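First up is the structure itself, then whatever we jot down about it.
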Amino acid sequence: MATPAQNPTGGFGSPSCLRGDWVANRAETSRVMRALVPVDAIQVKGKLYMQFRDGAFQYGTTGMTTTISGGDLTMTATGRFFSLHRYTATPGVLVLARGERTTEWGKFTATKEGKTYTVNGPPTKTQRAAGGPVAFQCRRATLKVRLPRFASLNWITLRRA
């Protein structure tokens with residue numbers, strides 16, 4: 001097994017350790033979402049997940065409710081996002097092929113001064129997603145992944161589901 005000193009990415013762990021389903025707890029999910037949507041009053045319900053099966057990688061959330069409050073205004077949005085990629089791995093490094101990223105929104109609701117307004121969210125959007133190397137640290141029931149696009153997050157921690 002590679003150690004952080006042997007791997008310049010800081011990653012370690014066997015590629016076989018990745019296999020299966022992983023989920024972030026609520027606190028970790030909230031931390032990640034706050035980094036992506038930097039609004040102080042944001043509250044998030046739902047959990048992030050990663051799946052590694054037969055060379056296929058999926059990352060996202062099965063459902064997410066995000067609430068932002070400020071003064072007498074409360075806004076709520078429901079939706080989910082996920083990314084799909086093929087992958088290979090060496091000790092401590094996950095290599096994602098180009099894939100696709102999908103975002104689906106449900107209803108958006110806003111309440112102000114006792115009145116509630118609800119509208120449909122934007123249409124489902126699927127885009128290409130870049131690939132590339134991603135450092136990981138895997139030990140039995142704990143997986144840490146460093147997503148390069150979100151350097152401010154450092155490592156995202158998930159537990160085996």
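Ordered as shown in the structure tokens, chains take letters A, B, and onward, while each chain numbers its residues from 1 and ligands are numbered from 1 in the order shown.
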
Next on the checklist: I need the alpha helix (DSSP H) residues of segment 17-145 of chain A per DSSP on the backbone, written as JSON, numbers by chain.
Outcome noted: {"A": [17, 18, 26, 27, 28, 29, 30, 31, 32, 33, 34, 35, 36]}

Mind writing the picked residues with N, CA, C and O atoms as a PDB file, in the first residue's frame?
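Okay, again-v9.pdb is ready:
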ATOM      1  N   CYS A  17     -10.270  -1.126  -2.206  1.00  0.00           N
ATOM      2  CA  CYS A  17     -10.944  -0.516  -1.059  1.00  0.00           C
ATOM      3  C   CYS A  17     -12.080   0.407  -1.509  1.00  0.00           C
ATOM      4  O   CYS A  17     -13.063   0.593  -0.804  1.00  0.00           O
ATOM      5  N   LEU A  18     -11.955   0.977  -2.714  1.00  0.00           N
ATOM      6  CA  LEU A  18     -12.969   1.899  -3.215  1.00  0.00           C
ATOM      7  C   LEU A  18     -14.306   1.219  -3.485  1.00  0.00           C
ATOM      8  O   LEU A  18     -15.356   1.845  -3.346  1.00  0.00           O
ATOM      9  N   ARG A  26     -24.493  13.888   7.676  1.00  0.00           N
ATOM     10  CA  ARG A  26     -25.154  15.195   7.491  1.00  0.00           C
ATOM     11  C   ARG A  26     -24.211  16.369   7.678  1.00  0.00           C
ATOM     12  O   ARG A  26     -24.249  17.331   6.923  1.00  0.00           O
ATOM     13  N   ALA A  27     -23.363  16.302   8.694  1.00  0.00           N
ATOM     14  CA  ALA A  27     -22.437  17.413   8.955  1.00  0.00           C
ATOM     15  C   ALA A  27     -21.476  17.599   7.785  1.00  0.00           C
ATOM     16  O   ALA A  27     -21.219  18.727   7.349  1.00  0.00           O
ATOM     17  N   GLU A  28     -20.951  16.508   7.249  1.00  0.00           N
ATOM     18  CA  GLU A  28     -20.024  16.593   6.116  1.00  0.00           C
ATOM     19  C   GLU A  28     -20.746  17.079   4.863  1.00  0.00           C
ATOM     20  O   GLU A  28     -20.233  17.910   4.115  1.00  0.00           O
ATOM     21  N   THR A  29     -21.951  16.584   4.638  1.00  0.00           N
ATOM     22  CA  THR A  29     -22.751  17.046   3.496  1.00  0.00           C
ATOM     23  C   THR A  29     -22.988  18.546   3.594  1.00  0.00           C
ATOM     24  O   THR A  29     -22.830  19.276   2.617  1.00  0.00           O
ATOM     25  N   SER A  30     -23.342  19.021   4.775  1.00  0.00           N
ATOM     26  CA  SER A  30     -23.572  20.460   4.964  1.00  0.00           C
ATOM     27  C   SER A  30     -22.304  21.258   4.710  1.00  0.00           C
ATOM     28  O   SER A  30     -22.343  22.320   4.082  1.00  0.00           O
ATOM     29  N   ARG A  31     -21.168  20.753   5.175  1.00  0.00           N
ATOM     30  CA  ARG A  31     -19.892  21.449   4.964  1.00  0.00           C
ATOM     31  C   ARG A  31     -19.597  21.582   3.474  1.00  0.00           C
ATOM     32  O   ARG A  31     -19.215  22.646   2.986  1.00  0.00           O
ATOM     33  N   VAL A  32     -19.801  20.493   2.723  1.00  0.00           N
ATOM     34  CA  VAL A  32     -19.544  20.514   1.282  1.00  0.00           C
ATOM     35  C   VAL A  32     -20.503  21.477   0.589  1.00  0.00           C
ATOM     36  O   VAL A  32     -20.093  22.307  -0.221  1.00  0.00           O
ATOM     37  N   MET A  33     -21.774  21.399   0.913  1.00  0.00           N
ATOM     38  CA  MET A  33     -22.763  22.264   0.256  1.00  0.00           C
ATOM     39  C   MET A  33     -22.531  23.735   0.592  1.00  0.00           C
ATOM     40  O   MET A  33     -22.715  24.596  -0.256  1.00  0.00           O
ATOM     41  N   ARG A  34     -22.102  24.018   1.800  1.00  0.00           N
ATOM     42  CA  ARG A  34     -21.803  25.416   2.166  1.00  0.00           C
ATOM     43  C   ARG A  34     -20.604  25.942   1.385  1.00  0.00           C
ATOM     44  O   ARG A  34     -20.523  27.119   1.081  1.00  0.00           O
ATOM     45  N   ALA A  35     -19.668  25.063   1.069  1.00  0.00           N
ATOM     46  CA  ALA A  35     -18.524  25.484   0.245  1.00  0.00           C
ATOM     47  C   ALA A  35     -18.970  25.757  -1.191  1.00  0.00           C
ATOM     48  O   ALA A  35     -18.470  26.665  -1.841  1.00  0.00           O
ATOM     49  N   LEU A  36     -19.943  24.984  -1.674  1.00  0.00           N
ATOM     50  CA  LEU A  36     -20.440  25.169  -3.031  1.00  0.00           C
ATOM     51  C   LEU A  36     -21.401  26.342  -3.146  1.00  0.00           C
ATOM     52  O   LEU A  36     -21.459  27.014  -4.163  1.00  0.00           O
TER      53      LEU A  36
END

Counting only C-alpha atoms, which residues of segment 1-77 of chain A fall within 12 Å of segment 97-105 of chain A, and what is the closest atom pair for each with its distance in Å at one decimal, ordered by chain and rising number, as CSV?
residue,atom,partner,partner_atom,distance
A:Gly55,CA,A:Ala97,CA,10.3
A:Ala56,CA,A:Ala97,CA,9.7
A:Phe57,CA,A:Gly99,CA,9.4
A:Gln58,CA,A:Arg101,CA,9.6
A:Tyr59,CA,A:Arg101,CA,9.2
A:Gly60,CA,A:Arg101,CA,9.1
A:Thr61,CA,A:Thr103,CA,10.0
A:Thr62,CA,A:Glu104,CA,10.3
A:Gly63,CA,A:Glu104,CA,9.5
A:Met64,CA,A:Trp105,CA,9.4
A:Thr65,CA,A:Trp105,CA,10.0
A:Thr66,CA,A:Trp105,CA,11.1
A:Thr76,CA,A:Trp105,CA,11.2
A:Ala77,CA,A:Trp105,CA,7.5

Convert the current residue selection to file output with N, CA, C and O atoms, as a CSV table (one decimal), in the first residue's frame.
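Printed below is out.csv as written:
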chain,number,residue,atom,x,y,z
A,55,GLY,N,-15.9,-0.5,-12.5
A,55,GLY,CA,-15.2,0.5,-13.3
A,55,GLY,C,-16.1,1.7,-13.5
A,55,GLY,O,-15.7,2.7,-14.3
A,56,ALA,N,-17.3,1.8,-12.9
A,56,ALA,CA,-18.1,3.0,-13.0
A,56,ALA,C,-18.2,3.7,-11.7
A,56,ALA,O,-18.3,3.1,-10.6
A,57,PHE,N,-18.1,5.0,-11.8
A,57,PHE,CA,-18.1,5.9,-10.6
A,57,PHE,C,-19.3,6.8,-10.7
A,57,PHE,O,-19.6,7.4,-11.7
A,58,GLN,N,-20.0,6.9,-9.6
A,58,GLN,CA,-21.1,7.9,-9.5
A,58,GLN,C,-21.0,8.6,-8.2
A,58,GLN,O,-20.7,8.1,-7.1
A,59,TYR,N,-21.2,10.0,-8.3
A,59,TYR,CA,-21.1,10.9,-7.1
A,59,TYR,C,-22.3,11.8,-7.2
A,59,TYR,O,-22.6,12.3,-8.2
A,60,GLY,N,-22.9,12.0,-6.0
A,60,GLY,CA,-24.0,13.0,-6.0
A,60,GLY,C,-24.9,12.9,-4.8
A,60,GLY,O,-24.4,12.5,-3.7
A,61,THR,N,-26.1,13.2,-4.9
A,61,THR,CA,-27.1,13.1,-3.9
A,61,THR,C,-28.4,12.5,-4.4
A,61,THR,O,-28.8,12.9,-5.6
A,62,THR,N,-29.1,11.7,-3.7
A,62,THR,CA,-30.3,11.1,-4.2
A,62,THR,C,-31.5,12.1,-4.0
A,62,THR,O,-32.5,12.1,-4.6
A,63,GLY,N,-31.3,13.0,-3.1
A,63,GLY,CA,-32.3,14.1,-2.8
A,63,GLY,C,-31.7,15.1,-1.9
A,63,GLY,O,-31.0,14.8,-1.0
A,64,MET,N,-32.0,16.3,-2.1
A,64,MET,CA,-31.4,17.4,-1.3
A,64,MET,C,-32.5,18.5,-1.2
A,64,MET,O,-33.1,18.9,-2.1
A,65,THR,N,-32.7,18.9,0.1
A,65,THR,CA,-33.5,20.1,0.3
A,65,THR,C,-32.6,21.2,0.9
A,65,THR,O,-32.0,20.9,1.9
A,66,THR,N,-32.6,22.3,0.3
A,66,THR,CA,-31.8,23.4,0.7
A,66,THR,C,-32.7,24.6,1.1
A,66,THR,O,-33.6,25.0,0.3
A,76,THR,N,-36.9,27.7,-0.2
A,76,THR,CA,-36.6,26.3,-0.2
A,76,THR,C,-36.5,25.8,-1.6
A,76,THR,O,-37.4,26.1,-2.4
A,77,ALA,N,-35.5,24.9,-1.8
A,77,ALA,CA,-35.4,24.3,-3.2
A,77,ALA,C,-35.1,22.8,-2.9
A,77,ALA,O,-34.4,22.4,-2.0

Checklist entry - Using only C-alpha atoms, which residues sit within 10 Å of segment 137-141 of chain A once same-chain residues fewer than 3 positions away are excluded, as a list of chain:residue names? => result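 Surrounding residues, per the criterion: A:Ala2, A:Thr3, A:Pro4, A:Thr9, A:Gly10, A:Gly11, A:Phe12, A:Gly13, A:Ser14, A:Pro15, A:Ser16, A:Cys17, A:Leu18, A:Trp22, A:Pro91, A:Gly92, A:Val93, A:Leu94, A:Lys144, A:Val145, A:Arg146, A:Trp155, A:Thr157, A:Leu158, A:Arg159, A:Arg160, A:Ala161.
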
Serialized selection, N, CA and C atoms, as a PDB file, in the first residue's frame:
ATOM      1  N   ALA A   2       0.512   2.241  -0.794  1.00  0.00           N
ATOM      2  CA  ALA A   2       1.269   3.486  -0.837  1.00  0.00           C
ATOM      3  C   ALA A   2       1.029   4.268   0.445  1.00  0.00           C
ATOM      4  N   THR A   3       2.028   4.993   0.870  1.00  0.00           N
ATOM      5  CA  THR A   3       1.858   5.869   2.025  1.00  0.00           C
ATOM      6  C   THR A   3       1.866   7.298   1.527  1.00  0.00           C
ATOM      7  N   PRO A   4       1.370   8.261   2.328  1.00  0.00           N
ATOM      8  CA  PRO A   4       1.391   9.646   1.881  1.00  0.00           C
ATOM      9  C   PRO A   4       2.780  10.105   1.445  1.00  0.00           C
ATOM     10  N   THR A   9       0.279  13.005  -4.085  1.00  0.00           N
ATOM     11  CA  THR A   9      -1.075  13.563  -3.956  1.00  0.00           C
ATOM     12  C   THR A   9      -1.570  13.536  -2.520  1.00  0.00           C
ATOM     13  N   GLY A  10      -0.854  12.818  -1.641  1.00  0.00           N
ATOM     14  CA  GLY A  10      -1.323  12.642  -0.276  1.00  0.00           C
ATOM     15  C   GLY A  10      -2.301  11.484  -0.153  1.00  0.00           C
ATOM     16  N   GLY A  11      -2.535  10.802  -1.262  1.00  0.00           N
ATOM     17  CA  GLY A  11      -3.484   9.690  -1.248  1.00  0.00           C
ATOM     18  C   GLY A  11      -2.824   8.386  -0.858  1.00  0.00           C
ATOM     19  N   PHE A  12      -3.643   7.463  -0.371  1.00  0.00           N
ATOM     20  CA  PHE A  12      -3.187   6.114  -0.085  1.00  0.00           C
ATOM     21  C   PHE A  12      -4.391   5.189  -0.030  1.00  0.00           C
ATOM     22  N   GLY A  13      -4.140   3.930  -0.139  1.00  0.00           N
ATOM     23  CA  GLY A  13      -5.190   2.925  -0.056  1.00  0.00           C
ATOM     24  C   GLY A  13      -5.282   2.126  -1.334  1.00  0.00           C
ATOM     25  N   SER A  14      -5.715   0.910  -1.195  1.00  0.00           N
ATOM     26  CA  SER A  14      -5.844  -0.015  -2.313  1.00  0.00           C
ATOM     27  C   SER A  14      -7.018   0.366  -3.213  1.00  0.00           C
ATOM     28  N   PRO A  15      -6.871   0.240  -4.530  1.00  0.00           N
ATOM     29  CA  PRO A  15      -8.010   0.479  -5.417  1.00  0.00           C
ATOM     30  C   PRO A  15      -9.216  -0.395  -5.065  1.00  0.00           C
ATOM     31  N   SER A  16      -8.992  -1.622  -4.579  1.00  0.00           N
ATOM     32  CA  SER A  16     -10.119  -2.493  -4.219  1.00  0.00           C
ATOM     33  C   SER A  16     -10.893  -1.954  -3.018  1.00  0.00           C
ATOM     34  N   CYS A  17     -10.270  -1.126  -2.206  1.00  0.00           N
ATOM     35  CA  CYS A  17     -10.944  -0.516  -1.059  1.00  0.00           C
ATOM     36  C   CYS A  17     -12.080   0.407  -1.509  1.00  0.00           C
ATOM     37  N   LEU A  18     -11.955   0.977  -2.714  1.00  0.00           N
ATOM     38  CA  LEU A  18     -12.969   1.899  -3.215  1.00  0.00           C
ATOM     39  C   LEU A  18     -14.306   1.219  -3.485  1.00  0.00           C
ATOM     40  N   TRP A  22     -20.615   4.466  -0.628  1.00  0.00           N
ATOM     41  CA  TRP A  22     -20.099   5.342   0.421  1.00  0.00           C
ATOM     42  C   TRP A  22     -21.078   6.492   0.613  1.00  0.00           C
ATOM     43  N   PRO A  91      -2.900   2.795  -6.241  1.00  0.00           N
ATOM     44  CA  PRO A  91      -2.935   3.132  -4.817  1.00  0.00           C
ATOM     45  C   PRO A  91      -2.948   4.647  -4.576  1.00  0.00           C
ATOM     46  N   GLY A  92      -4.020   5.111  -3.942  1.00  0.00           N
ATOM     47  CA  GLY A  92      -4.145   6.516  -3.562  1.00  0.00           C
ATOM     48  C   GLY A  92      -4.583   7.468  -4.649  1.00  0.00           C
ATOM     49  N   VAL A  93      -4.749   6.984  -5.889  1.00  0.00           N
ATOM     50  CA  VAL A  93      -5.144   7.880  -6.986  1.00  0.00           C
ATOM     51  C   VAL A  93      -6.278   7.246  -7.796  1.00  0.00           C
ATOM     52  N   LEU A  94      -7.373   7.933  -7.846  1.00  0.00           N
ATOM     53  CA  LEU A  94      -8.535   7.573  -8.645  1.00  0.00           C
ATOM     54  C   LEU A  94      -8.439   8.393  -9.929  1.00  0.00           C
ATOM     55  N   LYS A 144     -11.721   9.110   2.114  1.00  0.00           N
ATOM     56  CA  LYS A 144     -11.543  10.553   1.960  1.00  0.00           C
ATOM     57  C   LYS A 144     -11.145  10.799   0.521  1.00  0.00           C
ATOM     58  N   VAL A 145     -11.782  11.780  -0.092  1.00  0.00           N
ATOM     59  CA  VAL A 145     -11.533  12.102  -1.494  1.00  0.00           C
ATOM     60  C   VAL A 145     -11.262  13.585  -1.600  1.00  0.00           C
ATOM     61  N   ARG A 146     -10.257  13.947  -2.382  1.00  0.00           N
ATOM     62  CA  ARG A 146      -9.937  15.367  -2.614  1.00  0.00           C
ATOM     63  C   ARG A 146     -10.389  15.705  -4.023  1.00  0.00           C
ATOM     64  N   TRP A 155     -10.323  17.573   2.020  1.00  0.00           N
ATOM     65  CA  TRP A 155     -10.806  16.205   1.835  1.00  0.00           C
ATOM     66  C   TRP A 155     -12.293  16.120   2.176  1.00  0.00           C
ATOM     67  N   THR A 157     -15.056  13.472   3.454  1.00  0.00           N
ATOM     68  CA  THR A 157     -15.034  12.203   4.181  1.00  0.00           C
ATOM     69  C   THR A 157     -16.362  11.472   4.042  1.00  0.00           C
ATOM     70  N   LEU A 158     -16.279  10.201   3.664  1.00  0.00           N
ATOM     71  CA  LEU A 158     -17.463   9.340   3.539  1.00  0.00           C
ATOM     72  C   LEU A 158     -17.228   8.064   4.315  1.00  0.00           C
ATOM     73  N   ARG A 159     -18.325   7.423   4.693  1.00  0.00           N
ATOM     74  CA  ARG A 159     -18.261   6.143   5.396  1.00  0.00           C
ATOM     75  C   ARG A 159     -18.899   5.080   4.515  1.00  0.00           C
ATOM     76  N   ARG A 160     -18.436   3.855   4.648  1.00  0.00           N
ATOM     77  CA  ARG A 160     -19.012   2.755   3.880  1.00  0.00           C
ATOM     78  C   ARG A 160     -20.483   2.606   4.264  1.00  0.00           C
ATOM     79  N   ALA A 161     -21.330   2.513   3.235  1.00  0.00           N
ATOM     80  CA  ALA A 161     -22.778   2.414   3.487  1.00  0.00           C
ATOM     81  C   ALA A 161     -23.170   0.997   3.844  1.00  0.00           C
TER      82      ALA A 161
END

Checklist entry - Which value, in Å to one decimal, gives the distance between atom CA of Arg19 of chain A and atom CA of Thr142 of chain A? => result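 Separation between atom CA of Arg19 of chain A and atom CA of Thr142 of chain A: 12.0 Å.
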
Item to check | Contacts of Val95 of chain A within 7 Å, only C-alpha atoms, excl. fewer than 3 positions in-chain, as number ranges by chain | outcome: A: 87-89, 132-134

Residue subset to file, keeping N, CA, C and O atoms, as a CSV table (one decimal), in the first residue's frame:
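Below you can see again07.csv, which holds the result:
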chain,number,residue,atom,x,y,z
A,87,TYR,N,-13.9,4.8,-14.4
A,87,TYR,CA,-12.7,5.1,-13.6
A,87,TYR,C,-11.7,3.9,-13.6
A,87,TYR,O,-12.1,2.8,-13.8
A,88,THR,N,-10.4,4.3,-13.3
A,88,THR,CA,-9.4,3.3,-13.0
A,88,THR,C,-8.8,3.9,-11.7
A,88,THR,O,-9.0,5.0,-11.3
A,89,ALA,N,-8.0,3.0,-11.0
A,89,ALA,CA,-7.3,3.5,-9.8
A,89,ALA,C,-6.0,2.8,-9.6
A,89,ALA,O,-5.8,1.6,-10.0
A,132,GLY,N,-9.9,13.3,-14.8
A,132,GLY,CA,-8.6,13.5,-14.3
A,132,GLY,C,-8.3,12.8,-13.1
A,132,GLY,O,-9.2,12.1,-12.5
A,133,PRO,N,-7.1,13.0,-12.5
A,133,PRO,CA,-6.7,12.3,-11.3
A,133,PRO,C,-7.3,12.9,-10.1
A,133,PRO,O,-7.5,14.1,-10.0
A,134,VAL,N,-7.7,12.1,-9.1
A,134,VAL,CA,-8.3,12.5,-7.8
A,134,VAL,C,-7.6,11.7,-6.7
A,134,VAL,O,-7.6,10.5,-6.8

Item to check | Filtered DSSP result for chain A, state strand (DSSP E), as a ChimeraX atom specification | outcome: /A:20-23,42-53,56-70,73-90,93-96,99-112,115-120,125-129,132-139,142-146,156-160

Item to check | Residue contacts of Ile68 of chain A (7 Å, only C-alpha atoms) excluding same-chain residues fewer than 4 positions away, as a VMD selection string | outcome: chain A and resid 41 to 43 74 to 76

Item to check | Residue nearest Pro122 of chain A among A:Lys107, A:Lys45, A:Arg80, A:Arg53 (counting only C-alpha atoms) | outcome: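 Going through A:Lys107, A:Lys45, A:Arg80, A:Arg53 one by one, the smallest distance to Pro122 of chain A is for A:Lys107.
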
Item to check | Minimum-distance residue to Leu143 of chain A, chosen among A:Ile156, A:Leu96, A:Val37, A:Thr78 (using only C-alpha atoms) | outcome: A:Ile156
